[in-house]
Amino acid sequence: MKKIFLGLTVLAAQLMFAQKVTGVKVERVQKEVPAQLDKEKVALYNENFLKFVEALKSPDRTAVDALLSDKVKAIVTDDVLQKVREGFDVNKKLEILSTGYHKLMDGSNLPSIHYKYAGESKEVIMAVFEEDGKILGVMPAKKTK
């Protein structure tokens, strides 16, 4: 009986003096992303963006939807497409200014390409892509009046 009482006392003492760990944060390790995109991906993204620009010229919505990411198809309305059309000149030739990754608010990095008009360097158009080449977002250059 004394041994049982001693064993229960030892267990009770351990539970009484146990400490709760508080204030510990788990940090997500960010994977290292290169500064530039590789040439194969740039070619794929550039081809998809140029198809997108050509699709913007026509009133056909299905051609534009085929190039957009599934995440933004529900958000993109005809009014949004009209604002994108007005945001840059679809008749001018575009050149790649720079490539890299765009950091989103959730901490993820997605590939992006910055374009400029051929012969001009002031207006920059940024396109953000998913890894499979679908267009996630386009930020047209501001037109000055």
# chains A, B, ... in the order shown; residues from 1 in each chain; ligands from 1
call {"tool": "residues_around", "arguments": {"residues": "range 122-126 of chain A", "least_positions_apart": "4", "cutoff": "10 Å", "atoms": "only C-alpha atoms", "output": "list in words"}}
result
Gly87, Phe88, Leu94, Glu95, Ile96, Leu97, Ser98, Thr99, His102, Ser112, Ile113, His114, Tyr115, Lys116, Tyr117, Gly137, Val138, Met139, Pro140, Ala141, Lys142, Lys143 and Thr144 of chain A
call {"tool": "write_last_selection", "arguments": {"atoms": "C-alpha atoms", "output": "short mmCIF file (atom, residue, chain, number, x, y, z; two decimals), in the first residue's frame"}}
result
data_model
loop_
_atom_site.label_atom_id
_atom_site.label_comp_id
_atom_site.auth_asym_id
_atom_site.auth_seq_id
_atom_site.Cartn_x
_atom_site.Cartn_y
_atom_site.Cartn_z
CA GLY A 87 -4.89 50.42 -70.03
CA PHE A 88 -2.52 49.72 -72.88
CA LEU A 94 5.69 44.86 -76.80
CA GLU A 95 9.21 43.97 -75.68
CA ILE A 96 10.30 42.17 -72.53
CA LEU A 97 11.85 44.62 -70.10
CA SER A 98 12.57 42.28 -67.20
CA THR A 99 11.54 38.93 -65.73
CA HIS A 102 6.16 38.89 -57.90
CA SER A 112 6.07 37.85 -63.68
CA ILE A 113 7.25 39.62 -66.80
CA HIS A 114 7.50 43.38 -67.25
CA TYR A 115 6.87 44.62 -70.79
CA LYS A 116 7.51 47.94 -72.45
CA TYR A 117 6.46 49.32 -75.80
CA GLY A 137 -3.06 39.22 -63.46
CA VAL A 138 -2.19 42.09 -65.77
CA MET A 139 -1.33 45.55 -64.56
CA PRO A 140 -1.44 47.92 -67.51
CA ALA A 141 0.58 51.10 -67.68
CA LYS A 142 -1.09 54.32 -66.66
CA LYS A 143 -1.94 56.45 -69.66
CA THR A 144 -1.04 60.08 -69.25
#
call {"tool": "select_by_dssp", "arguments": {"residues": "range 10-139 of chain A", "states": "strand (DSSP E)", "output": "MDAnalysis selection string"}}
result
chainID A and resid 94:103 109:117 124:129 135:139
call {"tool": "select_by_dssp", "arguments": {"residues": "range 73-112 of chain A", "states": "alpha helix (DSSP H)", "output": "MDAnalysis selection string"}}
result
chainID A and resid 73 78:87
call {"tool": "write_last_selection", "arguments": {"atoms": "all heavy atoms", "output": "mmCIF file, in the first residue's frame"}}
result
data_model
loop_
_atom_site.group_PDB
_atom_site.id
_atom_site.type_symbol
_atom_site.label_atom_id
_atom_site.label_comp_id
_atom_site.auth_asym_id
_atom_site.auth_seq_id
_atom_site.Cartn_x
_atom_site.Cartn_y
_atom_site.Cartn_z
ATOM 1 N N LYS A 73 -10.993 33.758 -63.228
ATOM 2 C CA LYS A 73 -12.064 33.757 -64.227
ATOM 3 C C LYS A 73 -13.379 34.267 -63.654
ATOM 4 O O LYS A 73 -14.128 34.974 -64.326
ATOM 5 C CB LYS A 73 -12.274 32.350 -64.794
ATOM 6 C CG LYS A 73 -11.290 31.976 -65.854
ATOM 7 C CD LYS A 73 -11.604 30.621 -66.421
ATOM 8 C CE LYS A 73 -10.490 30.199 -67.352
ATOM 9 N NZ LYS A 73 -10.696 28.843 -67.848
ATOM 10 N N ASP A 78 -16.710 41.720 -67.941
ATOM 11 C CA ASP A 78 -16.499 42.465 -69.177
ATOM 12 C C ASP A 78 -15.992 43.878 -68.892
ATOM 13 O O ASP A 78 -15.210 44.428 -69.665
ATOM 14 C CB ASP A 78 -17.794 42.521 -69.989
ATOM 15 C CG ASP A 78 -18.172 41.154 -70.550
ATOM 16 O OD1 ASP A 78 -17.250 40.333 -70.783
ATOM 17 O OD2 ASP A 78 -19.375 40.903 -70.753
ATOM 18 N N ASP A 79 -16.430 44.462 -67.783
ATOM 19 C CA ASP A 79 -15.951 45.795 -67.405
ATOM 20 C C ASP A 79 -14.455 45.773 -67.088
ATOM 21 O O ASP A 79 -13.721 46.692 -67.462
ATOM 22 C CB ASP A 79 -16.718 46.327 -66.194
ATOM 23 C CG ASP A 79 -18.173 46.610 -66.515
ATOM 24 O OD1 ASP A 79 -18.480 46.855 -67.705
ATOM 25 O OD2 ASP A 79 -18.999 46.581 -65.584
ATOM 26 N N VAL A 80 -14.009 44.724 -66.405
ATOM 27 C CA VAL A 80 -12.585 44.604 -66.071
ATOM 28 C C VAL A 80 -11.767 44.442 -67.352
ATOM 29 O O VAL A 80 -10.722 45.077 -67.506
ATOM 30 C CB VAL A 80 -12.353 43.416 -65.110
ATOM 31 C CG1 VAL A 80 -10.880 43.160 -64.905
ATOM 32 C CG2 VAL A 80 -13.032 43.667 -63.779
ATOM 33 N N LEU A 81 -12.258 43.630 -68.276
ATOM 34 C CA LEU A 81 -11.544 43.462 -69.547
ATOM 35 C C LEU A 81 -11.496 44.768 -70.328
ATOM 36 O O LEU A 81 -10.496 45.067 -70.980
ATOM 37 C CB LEU A 81 -12.202 42.362 -70.384
ATOM 38 C CG LEU A 81 -11.931 40.929 -69.934
ATOM 39 C CD1 LEU A 81 -12.693 39.953 -70.819
ATOM 40 C CD2 LEU A 81 -10.455 40.619 -69.968
ATOM 41 N N GLN A 82 -12.555 45.534 -70.269
ATOM 42 C CA GLN A 82 -12.574 46.829 -70.953
ATOM 43 C C GLN A 82 -11.536 47.769 -70.359
ATOM 44 O O GLN A 82 -10.846 48.476 -71.077
ATOM 45 C CB GLN A 82 -13.970 47.452 -70.885
ATOM 46 C CG GLN A 82 -14.107 48.736 -71.662
ATOM 47 C CD GLN A 82 -13.845 48.540 -73.148
ATOM 48 O OE1 GLN A 82 -14.135 47.500 -73.729
ATOM 49 N NE2 GLN A 82 -13.260 49.538 -73.764
ATOM 50 N N LYS A 83 -11.384 47.749 -69.035
ATOM 51 C CA LYS A 83 -10.377 48.592 -68.387
ATOM 52 C C LYS A 83 -8.966 48.145 -68.761
ATOM 53 O O LYS A 83 -8.070 48.969 -68.922
ATOM 54 C CB LYS A 83 -10.556 48.572 -66.874
ATOM 55 C CG LYS A 83 -11.759 49.352 -66.420
ATOM 56 C CD LYS A 83 -11.894 49.349 -64.920
ATOM 57 C CE LYS A 83 -13.153 50.090 -64.511
ATOM 58 N NZ LYS A 83 -13.354 50.081 -63.065
ATOM 59 N N VAL A 84 -8.777 46.834 -68.908
ATOM 60 C CA VAL A 84 -7.467 46.329 -69.319
ATOM 61 C C VAL A 84 -7.189 46.753 -70.754
ATOM 62 O O VAL A 84 -6.079 47.159 -71.089
ATOM 63 C CB VAL A 84 -7.390 44.795 -69.161
ATOM 64 C CG1 VAL A 84 -6.132 44.238 -69.792
ATOM 65 C CG2 VAL A 84 -7.446 44.418 -67.694
ATOM 66 N N ARG A 85 -8.204 46.675 -71.632
ATOM 67 C CA ARG A 85 -8.039 47.121 -73.026
ATOM 68 C C ARG A 85 -7.649 48.599 -73.083
ATOM 69 O O ARG A 85 -6.821 48.996 -73.887
ATOM 70 C CB ARG A 85 -9.337 46.923 -73.805
ATOM 71 C CG ARG A 85 -9.574 45.547 -74.293
ATOM 72 C CD ARG A 85 -10.814 45.497 -75.192
ATOM 73 N NE ARG A 85 -11.257 44.129 -75.344
ATOM 74 C CZ ARG A 85 -12.288 43.586 -74.706
ATOM 75 N NH1 ARG A 85 -13.017 44.307 -73.880
ATOM 76 N NH2 ARG A 85 -12.609 42.327 -74.903
ATOM 77 N N GLU A 86 -8.282 49.403 -72.239
ATOM 78 C CA GLU A 86 -7.991 50.835 -72.218
ATOM 79 C C GLU A 86 -6.641 51.126 -71.571
ATOM 80 O O GLU A 86 -6.060 52.180 -71.810
ATOM 81 C CB GLU A 86 -9.084 51.580 -71.452
ATOM 82 C CG GLU A 86 -10.422 51.559 -72.134
ATOM 83 C CD GLU A 86 -11.537 52.085 -71.250
ATOM 84 O OE1 GLU A 86 -11.270 52.442 -70.075
ATOM 85 O OE2 GLU A 86 -12.683 52.118 -71.724
ATOM 86 N N GLY A 87 -6.128 50.194 -70.775
ATOM 87 C CA GLY A 87 -4.894 50.416 -70.033
ATOM 88 C C GLY A 87 -3.647 50.389 -70.871
ATOM 89 O O GLY A 87 -2.642 50.992 -70.511
#
call {"tool": "residues_around", "arguments": {"residues": "Asp70 in chain A", "least_positions_apart": "4", "cutoff": "9 Å", "atoms": "only C-alpha atoms", "output": "list in words"}}
result
Asp65, Ala74, Lys134 and Leu136 of chain A
call {"tool": "write_last_selection", "arguments": {"atoms": "N, CA, C and O atoms", "output": "tab-separated table (two decimals), in the first residue's frame"}}
result
chain	number	residue	atom	x	y	z
A	65	ASP	N	-10.80	33.87	-71.85
A	65	ASP	CA	-10.99	32.96	-70.72
A	65	ASP	C	-10.08	31.73	-70.81
A	65	ASP	O	-9.68	31.18	-69.79
A	74	ALA	N	-13.67	33.91	-62.41
A	74	ALA	CA	-14.93	34.35	-61.80
A	74	ALA	C	-14.91	35.85	-61.50
A	74	ALA	O	-15.95	36.49	-61.49
A	134	LYS	N	-0.73	30.05	-67.23
A	134	LYS	CA	-2.00	30.79	-67.25
A	134	LYS	C	-1.79	32.17	-66.64
A	134	LYS	O	-1.02	32.34	-65.69
A	136	LEU	N	-2.52	35.20	-64.39
A	136	LEU	CA	-3.18	35.45	-63.12
A	136	LEU	C	-3.55	36.93	-62.97
A	136	LEU	O	-4.55	37.25	-62.36
call {"tool": "residues_around", "arguments": {"residues": "range 41-48 of chain A", "least_positions_apart": "3", "cutoff": "10 Å", "atoms": "only C-alpha atoms", "output": "list in words"}}
result
Gln36, Leu37, Asp38, Lys51, Phe52, Val53, Glu54, Leu67, Leu68, Leu94, Glu95, Ile96, Thr99, Gly100, Pro111, Ser112, Ile113, Tyr115, Ala127, Val128, Phe129, Glu130, Glu131, Asp132, Gly133, Lys134 and Ile135 of chain A
